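Asks: Below is the file entry_6.txt, with compact mmCIF, C-alpha atoms.
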# COMPACT_ATOMS: atom_id res chain seq x y z
CA MET A 3 -54.16 -11.39 30.85
CA TRP A 4 -50.67 -12.64 31.77
CA TRP A 5 -48.50 -14.56 29.37
CA PHE A 6 -46.53 -17.54 30.70
CA GLY A 7 -45.16 -20.49 28.76
CA GLU A 8 -47.58 -21.67 26.09
CA GLY A 9 -50.88 -20.38 27.50
CA LEU A 10 -52.72 -17.53 29.21
CA TRP A 11 -53.47 -17.43 32.91
CA ASP A 12 -57.16 -17.12 33.84
CA LYS A 13 -58.55 -15.49 37.00
CA ASN A 14 -58.59 -18.71 39.08
CA SER A 15 -55.02 -19.49 38.12
CA LEU A 16 -53.90 -16.06 39.26
CA LYS A 17 -55.60 -16.56 42.61
CA LEU A 18 -53.84 -19.87 43.01
CA PHE A 19 -50.52 -18.26 42.13
CA PHE A 20 -50.82 -15.54 44.74
CA PHE A 21 -52.06 -18.05 47.29
CA CYS A 22 -49.03 -20.24 46.68
CA ARG A 23 -46.40 -17.56 47.19
CA HIS A 24 -44.54 -19.60 49.74
CA VAL A 25 -40.97 -20.81 49.50
CA ARG A 26 -41.67 -23.98 47.53
CA CYS A 27 -43.48 -22.12 44.74
CA LEU A 28 -40.71 -19.56 44.52
CA ILE A 29 -38.12 -22.31 44.23
CA ILE A 30 -40.07 -24.01 41.44
CA PHE A 31 -40.57 -20.69 39.66
CA SER A 32 -36.87 -19.83 39.96
CA LEU A 33 -35.85 -23.23 38.64
CA CYS A 34 -38.08 -22.82 35.59
CA LEU A 35 -36.73 -19.35 34.92
CA GLY A 36 -33.14 -20.53 35.38
CA LEU A 37 -33.56 -23.44 32.99
CA SER A 38 -35.09 -21.10 30.42
CA CYS A 39 -32.14 -18.69 30.67
CA LEU A 40 -29.60 -21.52 30.60
CA SER A 41 -31.21 -22.91 27.46
CA GLY A 42 -30.95 -19.51 25.82
CA PHE A 43 -27.30 -19.20 26.85
CA PHE A 44 -26.31 -22.49 25.22
CA HIS A 45 -28.26 -21.55 22.13
CA MET A 46 -26.34 -18.30 21.94
CA LYS A 47 -22.99 -20.07 22.27
CA ASN A 48 -23.78 -22.22 19.25
CA GLU A 49 -24.36 -19.15 17.08
CA ASN A 50 -21.46 -17.57 15.15
CA TYR A 51 -21.44 -14.21 16.90
CA SER A 52 -18.67 -11.67 16.38
CA HIS A 53 -16.80 -10.01 19.23
CA GLU A 54 -18.80 -6.84 18.72
CA GLU A 55 -22.13 -8.69 18.95
CA LEU A 56 -21.10 -10.45 22.16
CA LEU A 57 -19.85 -7.13 23.56
CA ILE A 58 -16.56 -8.71 24.64
CA PRO A 59 -14.13 -5.84 25.30
CA ALA A 60 -10.95 -5.94 23.23
CA MET A 61 -7.67 -6.35 25.04
CA PRO A 62 -6.05 -2.93 25.47
CA CYS A 63 -2.92 -2.33 23.43
CA HIS A 64 -0.47 0.48 22.88
CA ALA A 65 0.78 1.67 19.49
CA LYS A 66 4.23 0.33 18.69
CA THR A 67 6.63 3.13 17.81
CA ASN A 68 9.87 1.19 17.42
CA VAL A 69 9.47 -0.47 14.03
CA MET A 70 11.90 -1.89 11.47
CA PHE A 71 10.56 -2.49 7.94
CA LEU A 72 12.78 -4.50 5.58
CA LYS A 73 12.09 -2.77 2.27
CA THR A 74 12.23 -5.42 -0.45
CA HIS A 75 12.34 -4.60 -4.17
CA LYS A 76 9.31 -4.32 -6.49
CA THR A 77 6.87 -5.36 -3.74
CA ALA A 78 4.86 -2.15 -3.15
CA SER A 79 7.46 -1.32 -0.52
CA SER A 80 7.68 2.35 -1.53
CA THR A 81 4.05 2.73 -0.49
CA VAL A 82 4.85 1.12 2.87
CA LEU A 83 7.84 3.44 3.30
CA ASN A 84 5.56 6.44 2.79
CA ILE A 85 3.23 5.09 5.48
CA MET A 86 6.19 4.67 7.85
CA PHE A 87 7.56 8.17 7.17
CA ARG A 88 4.17 9.79 7.78
CA PHE A 89 3.74 7.85 11.02
CA ALA A 90 7.20 8.96 12.15
CA GLU A 91 6.35 12.60 11.51
CA ARG A 92 2.92 12.36 13.13
CA TYR A 93 4.43 11.13 16.40
CA ASN A 94 7.76 12.98 16.22
CA LEU A 95 9.84 9.81 15.91
CA THR A 96 13.47 9.49 14.83
CA VAL A 97 14.10 7.71 11.52
CA ALA A 98 17.33 5.82 10.76
CA LEU A 99 18.14 7.55 7.48
CA PRO A 100 20.98 6.84 5.01
CA ALA A 101 24.15 8.81 5.70
CA ASP A 102 25.40 11.68 3.56
CA GLN A 103 24.09 11.76 -0.02
CA LEU A 104 22.84 8.15 -0.15
CA PHE A 105 19.16 7.19 -0.44
CA HIS A 106 19.65 3.58 0.68
CA LEU A 107 21.37 2.05 3.69
CA GLY A 108 24.43 0.73 1.87
CA TYR A 109 22.53 -1.54 -0.54
CA PRO A 110 23.52 -3.91 -2.10
CA ARG A 111 26.26 -4.22 0.51
CA THR A 112 25.25 -6.09 3.65
CA PHE A 113 24.00 -3.54 6.17
CA LEU A 114 26.35 -2.04 8.76
CA ALA A 115 25.27 0.28 11.56
CA HIS A 116 27.47 3.17 10.42
CA PHE A 117 25.45 3.40 7.18
CA VAL A 118 22.88 5.29 9.31
CA GLU A 119 23.30 9.04 9.60
CA GLY A 120 24.29 10.06 13.12
CA PHE A 121 24.64 6.52 14.48
CA GLU A 122 27.85 7.36 16.36
CA ALA A 123 26.05 10.14 18.24
CA ILE A 124 22.52 8.74 18.53
CA GLY A 125 23.32 5.06 19.06
CA GLN A 126 20.44 2.67 19.74
CA ASN A 127 17.81 5.41 19.92
CA TYR A 128 16.14 5.30 16.52
CA ASN A 129 12.42 4.54 16.26
CA ILE A 130 11.87 3.80 12.57
CA MET A 131 14.03 2.10 9.93
CA CYS A 132 12.61 1.52 6.45
CA ASN A 133 14.98 2.53 3.63
CA HIS A 134 16.46 -0.14 1.36
CA LEU A 135 19.10 -2.34 2.97
CA ARG A 136 20.38 -5.90 2.77
CA PHE A 137 19.32 -7.41 6.07
CA ASN A 138 21.98 -8.06 8.70
CA PRO A 139 20.23 -8.65 12.05
CA LEU A 140 23.23 -8.16 14.34
CA GLU A 141 24.02 -4.76 12.83
CA VAL A 142 20.38 -3.66 12.69
CA LYS A 143 20.04 -4.44 16.41
CA LYS A 144 22.87 -2.01 17.12
CA VAL A 145 20.64 0.73 15.71
CA MET A 146 17.15 -0.30 16.81
CA ALA A 147 15.79 -0.76 20.35
CA ALA A 148 15.41 -4.22 21.90
CA ASN A 149 11.60 -4.03 21.70
CA THR A 150 11.56 -3.19 17.98
CA PHE A 151 8.84 -4.78 15.83
CA TYR A 152 10.29 -6.29 12.63
CA PHE A 153 8.25 -6.80 9.47
CA SER A 154 8.67 -7.07 5.71
CA ILE A 155 6.67 -7.70 2.56
CA LEU A 156 6.82 -10.29 -0.25
CA ARG A 157 5.27 -10.52 -3.69
CA ASN A 158 4.47 -13.36 -6.06
CA PRO A 159 7.79 -13.88 -7.93
CA ILE A 160 6.01 -14.21 -11.29
CA PRO A 161 4.79 -10.60 -11.64
CA LEU A 162 7.78 -9.45 -9.57
CA LEU A 163 10.34 -10.64 -12.10
CA GLU A 164 8.43 -9.06 -15.00
CA SER A 165 8.34 -5.79 -13.05
CA SER A 166 12.07 -6.02 -12.29
CA TYR A 167 12.82 -6.68 -15.95
CA ILE A 168 11.12 -3.47 -17.05
CA TYR A 169 12.35 -1.32 -14.16
CA TYR A 170 16.00 -2.45 -14.31
CA LYS A 171 16.15 -3.02 -18.07
CA ASN A 172 18.98 -0.50 -18.54
CA ASN A 173 20.98 -1.56 -15.46
CA VAL A 174 21.08 -5.36 -15.43
CA PRO A 175 23.27 -6.94 -18.16
CA ALA A 176 21.06 -10.05 -18.29
CA PHE A 177 18.05 -7.86 -19.05
CA ARG A 178 19.84 -5.40 -21.28
CA SER A 179 21.11 -8.08 -23.69
CA SER A 180 17.72 -9.78 -24.17
CA LYS A 181 14.89 -8.38 -26.31
CA ASN A 182 12.06 -8.98 -23.85
CA VAL A 183 11.25 -10.81 -20.64
CA ASN A 184 10.03 -13.96 -22.41
CA GLU A 185 13.26 -14.24 -24.41
CA PHE A 186 15.27 -13.87 -21.21
CA LEU A 187 13.23 -16.56 -19.45
CA ALA A 188 13.47 -18.97 -22.38
CA SER A 189 17.17 -19.33 -21.61
CA PRO A 190 18.15 -17.28 -18.53
CA THR A 191 21.62 -18.82 -18.12
CA LYS A 192 22.48 -17.53 -21.59
CA TYR A 193 22.17 -13.95 -20.31
CA TYR A 194 22.72 -14.25 -16.56
CA HIS A 195 26.20 -14.41 -15.04
CA PRO A 196 26.44 -14.79 -11.24
CA ALA A 197 29.81 -13.06 -11.22
CA ASP A 198 28.06 -9.77 -12.12
CA TYR A 199 27.32 -9.37 -8.42
CA ARG A 200 25.97 -5.84 -8.15
CA GLU A 201 24.24 -5.76 -11.51
CA SER A 202 22.64 -9.20 -11.56
CA ILE A 203 20.89 -9.44 -8.20
CA TYR A 204 17.64 -8.08 -9.65
CA ALA A 205 17.44 -10.91 -12.20
CA ARG A 206 17.20 -13.84 -9.79
CA ASN A 207 15.82 -14.44 -6.27
CA ILE A 208 15.94 -10.74 -5.38
CA MET A 209 13.79 -11.13 -2.24
CA TRP A 210 16.05 -13.91 -0.96
CA PHE A 211 18.99 -11.55 -1.47
CA ASP A 212 17.24 -8.65 0.34
CA PHE A 213 16.78 -10.85 3.41
CA GLY A 214 20.56 -11.28 3.46
CA TYR A 215 21.00 -14.67 1.75
CA ASP A 216 22.79 -15.90 -1.37
CA ASN A 217 20.44 -15.52 -4.34
CA ASN A 218 22.53 -18.05 -6.31
CA ALA A 219 22.50 -20.73 -3.61
CA GLU A 220 21.52 -24.30 -4.43
CA ASP A 221 17.85 -25.02 -3.82
CA ASP A 222 18.48 -27.63 -1.16
CA ALA A 223 15.48 -28.58 1.01
CA LYS A 224 17.43 -28.58 4.28
CA TYR A 225 19.04 -25.21 3.49
CA THR A 226 15.82 -23.50 2.43
CA GLN A 227 13.96 -24.79 5.48
CA ALA A 228 16.69 -23.43 7.76
CA VAL A 229 16.47 -20.01 6.09
CA LEU A 230 12.68 -19.91 6.39
CA GLU A 231 12.90 -20.74 10.07
CA GLU A 232 15.55 -18.06 10.60
CA ILE A 233 13.37 -15.43 8.90
CA GLU A 234 10.48 -16.45 11.15
CA GLN A 235 12.72 -15.90 14.16
CA ASN A 236 13.94 -12.49 12.95
CA PHE A 237 10.60 -11.05 11.83
CA HIS A 238 7.33 -10.68 13.70
CA LEU A 239 5.27 -10.32 10.52
CA ILE A 240 5.61 -10.86 6.77
CA LEU A 241 3.03 -9.13 4.58
CA ILE A 242 1.95 -10.08 1.05
CA ALA A 243 1.88 -7.34 -1.61
CA ASP A 244 -0.64 -9.25 -3.74
CA TYR A 245 -3.14 -8.66 -0.88
CA PHE A 246 -2.04 -5.16 0.00
CA ASP A 247 -5.20 -3.87 1.66
CA GLU A 248 -5.50 -7.03 3.73
CA SER A 249 -1.83 -6.59 4.65
CA MET A 250 -2.45 -3.06 5.87
CA ILE A 251 -5.28 -4.22 8.12
CA LEU A 252 -3.12 -7.01 9.56
CA LEU A 253 -0.28 -4.51 10.09
CA LYS A 254 -2.69 -2.09 11.78
CA HIS A 255 -3.70 -4.76 14.28
CA ALA A 256 -0.15 -6.03 14.84
CA LEU A 257 1.15 -2.52 15.58
CA CYS A 258 -2.00 -1.31 17.36
CA TRP A 259 -2.22 1.65 14.96
CA ASP A 260 -5.27 3.59 13.81
CA LEU A 261 -6.88 3.23 10.39
CA ASP A 262 -5.49 6.59 9.22
CA ASP A 263 -1.99 5.38 10.10
CA VAL A 264 -2.16 2.80 7.27
CA ILE A 265 -4.12 4.83 4.70
CA TYR A 266 -2.14 5.23 1.48
CA PHE A 267 -1.99 6.27 -2.15
CA LYS A 268 -0.20 3.73 -4.35
CA LEU A 269 3.33 4.98 -5.09
CA ASN A 270 6.01 4.03 -7.62
CA SER A 271 3.54 2.18 -9.85
CA ARG A 272 3.96 2.19 -13.62
CA SER A 273 1.68 2.67 -16.58
CA GLN A 274 -0.02 -0.45 -17.91
CA ASP A 275 1.39 -0.01 -21.41
CA THR A 276 4.85 -0.90 -20.09
CA VAL A 277 3.71 -4.29 -18.75
CA GLN A 278 4.92 -7.26 -20.83
CA THR A 279 2.65 -10.29 -21.01
CA LEU A 280 4.30 -13.47 -19.77
CA THR A 281 3.70 -16.69 -21.63
CA PRO A 282 2.55 -19.73 -19.60
CA GLU A 283 5.98 -21.25 -20.22
CA SER A 284 7.67 -18.13 -18.82
CA GLU A 285 5.52 -18.21 -15.70
CA GLU A 286 6.53 -21.79 -15.02
CA GLN A 287 10.15 -20.97 -15.76
CA ILE A 288 10.13 -18.22 -13.11
CA LYS A 289 9.09 -20.76 -10.47
CA ALA A 290 12.19 -22.80 -11.36
CA TRP A 291 14.62 -19.94 -12.09
CA CYS A 292 13.63 -18.07 -8.91
CA SER A 293 12.87 -21.19 -6.90
CA LEU A 294 14.23 -19.73 -3.65
CA ASP A 295 11.92 -16.73 -3.94
CA TRP A 296 9.07 -19.04 -4.93
CA LYS A 297 9.48 -21.15 -1.79
CA LEU A 298 9.85 -18.01 0.32
CA TYR A 299 6.61 -16.62 -1.09
CA LEU A 300 4.61 -19.86 -0.74
CA HIS A 301 5.71 -20.33 2.86
CA PHE A 302 4.84 -16.83 4.05
CA ASN A 303 1.69 -16.57 1.98
CA GLN A 304 0.39 -19.49 4.03
CA SER A 305 1.53 -17.99 7.32
CA PHE A 306 -0.06 -14.66 6.32
CA TRP A 307 -3.55 -16.15 6.00
CA ARG A 308 -3.05 -18.33 9.05
CA ARG A 309 -2.13 -15.21 11.05
CA ILE A 310 -5.32 -13.50 9.90
CA GLU A 311 -7.50 -16.46 10.89
CA GLU A 312 -5.83 -16.75 14.29
CA THR A 313 -6.05 -13.04 15.15
CA ILE A 314 -8.72 -10.90 13.49
CA GLY A 315 -10.68 -13.45 11.44
CA LEU A 316 -11.88 -13.21 7.83
CA GLU A 317 -15.19 -11.54 8.70
CA VAL A 318 -13.56 -8.66 10.59
CA LEU A 319 -10.84 -8.46 7.91
CA GLU A 320 -13.41 -7.97 5.14
CA LYS A 321 -15.22 -5.31 7.15
CA GLU A 322 -12.04 -3.35 7.92
CA VAL A 323 -10.77 -3.58 4.34
CA GLY A 324 -14.07 -1.96 3.36
CA HIS A 325 -13.46 0.84 5.87
CA LEU A 326 -9.93 1.31 4.53
CA ARG A 327 -11.12 1.62 0.93
CA THR A 328 -13.93 4.00 1.89
CA ARG A 329 -11.47 6.27 3.71
CA GLN A 330 -9.07 6.04 0.78
CA LYS A 331 -11.81 7.18 -1.63
CA GLU A 332 -12.55 10.12 0.64
CA LEU A 333 -8.90 11.21 0.50
CA VAL A 334 -8.72 10.70 -3.26
CA GLU A 335 -11.67 13.08 -3.63
CA THR A 336 -10.10 15.51 -1.18
CA CYS A 337 -6.55 15.55 -2.56
CA LEU A 338 -6.31 14.54 -6.21
CA SER A 339 -7.35 16.64 -9.18
CA GLU A 340 -7.57 13.68 -11.59
CA GLN A 341 -8.73 11.18 -8.93
CA GLU A 342 -5.96 8.80 -10.05
CA ALA A 343 -2.24 8.53 -10.81
CA VAL A 344 -0.98 10.16 -14.02
CA ARG A 345 1.95 9.58 -16.39
CA LYS A 346 5.24 11.34 -15.73
CA ASP A 347 4.72 13.94 -18.49
CA HIS A 348 1.36 14.93 -16.97
CA ILE A 349 2.72 15.69 -13.49
CA LYS A 350 2.47 19.47 -13.07
CA ASN A 351 4.54 19.96 -9.92
CA LYS A 352 7.97 18.58 -10.82
CA GLY A 353 8.81 18.48 -7.14
CA LEU A 354 6.46 15.48 -6.99
CA LEU A 355 7.98 13.69 -9.99
CA PRO A 356 8.97 10.12 -9.03
CA PHE A 357 12.31 8.65 -10.03
CA GLN A 358 12.16 7.11 -13.52
CA SER A 359 13.99 3.89 -14.34
CA GLY A 360 14.43 1.56 -17.29
CA ALA A 361 11.52 1.15 -19.67
CA ALA A 362 8.95 1.87 -16.96
CA ASN A 363 6.80 5.00 -16.93
CA ILE A 364 6.48 5.65 -13.21
CA LEU A 365 3.23 7.37 -12.35
CA GLY A 366 2.66 10.29 -9.98
CA TYR A 367 -0.10 12.60 -8.83
CA ASN A 368 -1.49 16.10 -9.25
CA LEU A 369 -3.10 17.76 -6.25
CA LYS A 370 -6.14 20.02 -6.19
CA GLN A 371 -5.37 23.73 -6.19
CA ASP A 372 -7.94 24.97 -3.67
CA LEU A 373 -6.78 23.10 -0.57
CA ASP A 374 -6.28 24.85 2.76
CA ASN A 375 -2.77 24.80 4.18
CA ARG A 376 -3.28 21.86 6.55
CA THR A 377 -5.01 19.68 3.95
CA LEU A 378 -2.43 20.56 1.30
CA ARG A 379 0.41 19.53 3.58
CA MET A 380 -1.29 16.19 4.36
CA CYS A 381 -1.96 15.47 0.68
CA GLN A 382 1.58 16.38 -0.32
CA LYS A 383 2.99 13.90 2.18
CA MET A 384 0.71 11.12 0.89
CA VAL A 385 1.89 11.51 -2.72
CA MET A 386 5.52 12.42 -2.02
CA PRO A 387 7.90 10.02 -3.81
CA GLU A 388 10.47 8.08 -1.83
CA LEU A 389 13.56 10.10 -2.75
CA GLN A 390 11.93 13.46 -2.03
CA TYR A 391 10.55 12.29 1.31
CA THR A 392 13.91 10.83 2.35
CA SER A 393 15.66 14.08 1.44
CA TYR A 394 13.06 16.17 3.30
CA LEU A 395 13.25 14.08 6.50
CA TYR A 396 17.03 14.13 6.34
CA THR A 397 17.01 17.94 6.26
CA VAL A 398 14.54 18.11 9.16
CA GLN A 399 16.43 15.60 11.33
CA HIS A 400 19.95 16.76 10.39
CA PRO A 401 19.61 20.50 9.63
CA HIS A 402 23.37 21.09 9.86
CA LYS A 403 24.18 18.48 7.21
CA LYS A 404 24.20 19.12 3.47
CA ARG A 405 20.81 18.43 1.89
CA LYS A 406 20.53 15.28 -0.23
CA GLU A 407 20.63 16.51 -3.82
CA LEU A 408 17.85 15.40 -6.19
CA GLY A 409 18.07 17.88 -9.04
CA LEU A 410 14.34 18.58 -8.63
CA PRO A 411 12.43 21.66 -7.46
CA LEU A 412 11.89 21.78 -3.69
CA LEU A 413 8.36 21.44 -2.34
CA TRP A 414 9.19 23.66 0.61
CA THR A 415 11.87 26.18 1.48
CA SER A 416 14.16 25.48 4.42
CA LEU A 417 12.18 27.93 6.55
CA GLN A 418 8.89 26.25 5.65
CA GLU A 419 10.38 22.87 6.52
CA LYS A 420 11.34 24.15 9.95
CA MET A 421 7.94 25.76 10.48
CA ALA A 422 6.07 22.81 8.90
CA LEU A 423 4.12 25.16 6.63
CA PRO A 424 3.19 24.27 3.04
CA VAL A 425 4.11 26.28 -0.03
CA PRO A 426 1.19 28.54 -1.01
CA ASN A 427 -0.64 27.70 -4.26
Here is a file; write its structure as structure tokens.

Replies:
Amino acid sequence: MWWFGEGLWDKNSLKLFFFCRHVRCLIIFSLCLGLSCLSGFFHMKNENYSHEELLIPAMPCHAKTNVMFLKTHKTASSTVLNIMFRFAERYNLTVALPADQLFHLGYPRTFLAHFVEGFEAIGQNYNIMCNHLRFNPLEVKKVMAANTFYFSILRNPIPLLESSYIYYKNNVPAFRSSKNVNEFLASPTKYYHPADYRESIYARNIMWFDFGYDNNAEDDAKYTQAVLEEIEQNFHLILIADYFDESMILLKHALCWDLDDVIYFKLNSRSQDTVQTLTPESEEQIKAWCSLDWKLYLHFNQSFWRRIEETIGLEVLEKEVGHLRTRQKELVETCLSEQEAVRKDHIKNKGLLPFQSGAANILGYNLKQDLDNRTLRMCQKMVMPELQYTSYLYTVQHPHKKRKELGLPLLWTSLQEKMALPVPN
């Protein structure tokens, strides 16, 4: 029996078919088959198929290796810096590091090219820039190549200000003279004095300041719109710390990097017992007190999700975030003895102790003791705090310069740094 259309062909029908194998029958048969295929094609187009299901090849891209990351404050930027440093090492790239004994690029002063170690000799031949600086595009462009990719990261100003309050409690007069964050926010002008330039920047519109603008400027609609447009012109991508995993996937696509290039362990986080609960009134007050940061965040939070929808789509995003978290769990099981971050007094290797500030208890990690040399080295880099990693890269890139002093035990000897071998357990 032969199947065709809705019925079966009997013996007489088959005879008729073979008898009619002339041109007209073939044309009719071909037309029927063509209409059937065309109907299926239009049906397929109406379905919501992904690129993988339609087998549409992705456009080829090449990993970007000239990248400038504007490291903003209290926005998970230390974790991003670690990602950037590891990428630089993996591909033997040159990092624009702070000169001499500094760990930031002149901050809070507006950035100048000579703040970079070796700028006079190296010139515009750096690949990566990611240490703290106050953005100054003309001076940054003296250091970075013309095809550099610029990106930064923002955070919701409400939890950001609470985090700043705890972290800079001992350094900012406005914070130091108030009992807690809610008391400060109940009457911020009572404690905050704009004239305290260097000390007060962390207490108001800190992200606005990091991008190079006046954090005490009037919140004028025309002015803020002009600043937002200028930031859009200067930066190819703005990430959102509140959606960190999603940000890493978007960054991966924008830079054409691999998944392992954006894998991370969370760095410079603090223990939950140091978090102060904001009242609803305080949360609303932050939106007004840090109105420039609030507008900055709202604007780029919208552009962040719009960028995702226009490029990778929410379905692919969700799938790749899942892959990222699965890979992260694998590395947690491989590297960490406690499977999570620990308080400062529980960190066994003091060479991995993060910088402590204010009333915050900055967490760190303990590594497993039975790791082979290659795995140990990889795990150490993933948990290495910002200051230690900056000092290490500085010594590797500028071996004839004096090492940046930390007052902490070294993870590796100078010989091991040169040979890229880990310290034995």

Asks: Select from region 73-152 of chain A every residue with an atom at most 8 Å from any atom of region 239-243 of chain A, then for each give the shortest pair of atoms and their distance in Å to one decimal, using all atoms listed in the file, rows by chain and rising number, as CSV.

Replies:
residue,atom,partner,partner_atom,distance
A:Thr77,CA,A:Ala243,CA,5.8
A:Ala78,CA,A:Ala243,CA,6.2
A:Tyr152,CA,A:Leu239,CA,6.8

Asks: Can I get the selected residues back with C-alpha atoms, as a CSV table (one decimal), in the coordinates of the input?

Replies:
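Done, and the output landed in out_20.csv:
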chain,number,residue,atom,x,y,z
A,77,THR,CA,6.9,-5.4,-3.7
A,78,ALA,CA,4.9,-2.2,-3.2
A,152,TYR,CA,10.3,-6.3,12.6

Asks: Within 10 Å of Ser305 (chain A), counting all atoms listed in the file, which residues qualify if same-chain residues fewer than 3 places away don't, as a ChimeraX atom specification?

Replies: /A:234,239-241,299-302,308-311

Asks: For those residues, write C-alpha atoms to a file as an mmCIF file, keeping the file's coordinate frame.

Replies:
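For reference, part_32.cif as written:
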data_model
loop_
_atom_site.group_PDB
_atom_site.id
_atom_site.type_symbol
_atom_site.label_atom_id
_atom_site.label_comp_id
_atom_site.auth_asym_id
_atom_site.auth_seq_id
_atom_site.Cartn_x
_atom_site.Cartn_y
_atom_site.Cartn_z
ATOM 1 C CA GLU A 234 10.480 -16.450 11.150
ATOM 2 C CA LEU A 239 5.270 -10.320 10.520
ATOM 3 C CA ILE A 240 5.610 -10.860 6.770
ATOM 4 C CA LEU A 241 3.030 -9.130 4.580
ATOM 5 C CA TYR A 299 6.610 -16.620 -1.090
ATOM 6 C CA LEU A 300 4.610 -19.860 -0.740
ATOM 7 C CA HIS A 301 5.710 -20.330 2.860
ATOM 8 C CA PHE A 302 4.840 -16.830 4.050
ATOM 9 C CA ARG A 308 -3.050 -18.330 9.050
ATOM 10 C CA ARG A 309 -2.130 -15.210 11.050
ATOM 11 C CA ILE A 310 -5.320 -13.500 9.900
ATOM 12 C CA GLU A 311 -7.500 -16.460 10.890
#

Asks: Set the distance at 10 Å and use all atoms listed in the file: which residues neighbour Leu99 (chain A) once local chain neighbours fewer than 2 positions away are removed? I'd like the list as a ChimeraX atom specification.

Replies: /A:96-97,101-102,104-107,117-121,128,130-134,392-393,395-396,399-400

Asks: Need the shell around region 163-175 of chain A: protein/DNA/RNA residues with any atom at most 7 Å away, counting only C-alpha atoms. Skip same-chain ones fewer than 4 positions apart. Format as a list of chain:residue names?

Replies: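 The residues that qualify are A:Lys76, A:Pro159, A:Ser179, A:Val183, A:Glu201, A:Ser202, A:Tyr204, A:Ser359, A:Gly360, A:Ala361, A:Ala362.
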
Asks: Please indicate the distance in Å from CA of Met250 (chain A) to CA of Asp275 (chain A), rounded to one decimal place.

Replies: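 CA of Asp275 (chain A) lies at a distance of 27.7 Å from CA of Met250 (chain A).
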
Asks: Nearest to Ser273 (chain A): which of A:Glu185, A:Asp372, A:Asp347, A:Asp247 is it, counting all atoms listed in the file?

Replies: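 Answer, going by the shortest atom-to-atom distance: A:Asp347.
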
Asks: To one decimal place, how far is CA of Asp260 (chain A) from CA of Ile124 (chain A) in Å?

Replies: 28.7 Å

Asks: So the first atom is CA of Ile288 (chain A) and the second is CA of His195 (chain A); what is the distance between them in Å, to one decimal place?

Replies: 16.6 Å

Asks: Which is closer to Phe211 (chain A) than all the others in A:Tyr391, A:Tyr109, A:Phe246, A:Phe89, using all atoms listed in the file?

Replies: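 Nearest to Phe211 (chain A): A:Tyr109.
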
Asks: Using all atoms listed in the file, can you tell me which of A:Asn182, A:Pro139, A:Leu338, A:Val344 comes closest to Thr377 (chain A)?

Replies: A:Leu338

Asks: Between A:Glu141, A:Glu220, A:Glu231, A:Glu91, which has the minimum distance to Leu114 (chain A) (counting all atoms listed in the file)?

Replies: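 The answer is A:Glu141, which sits nearest to Leu114 (chain A).
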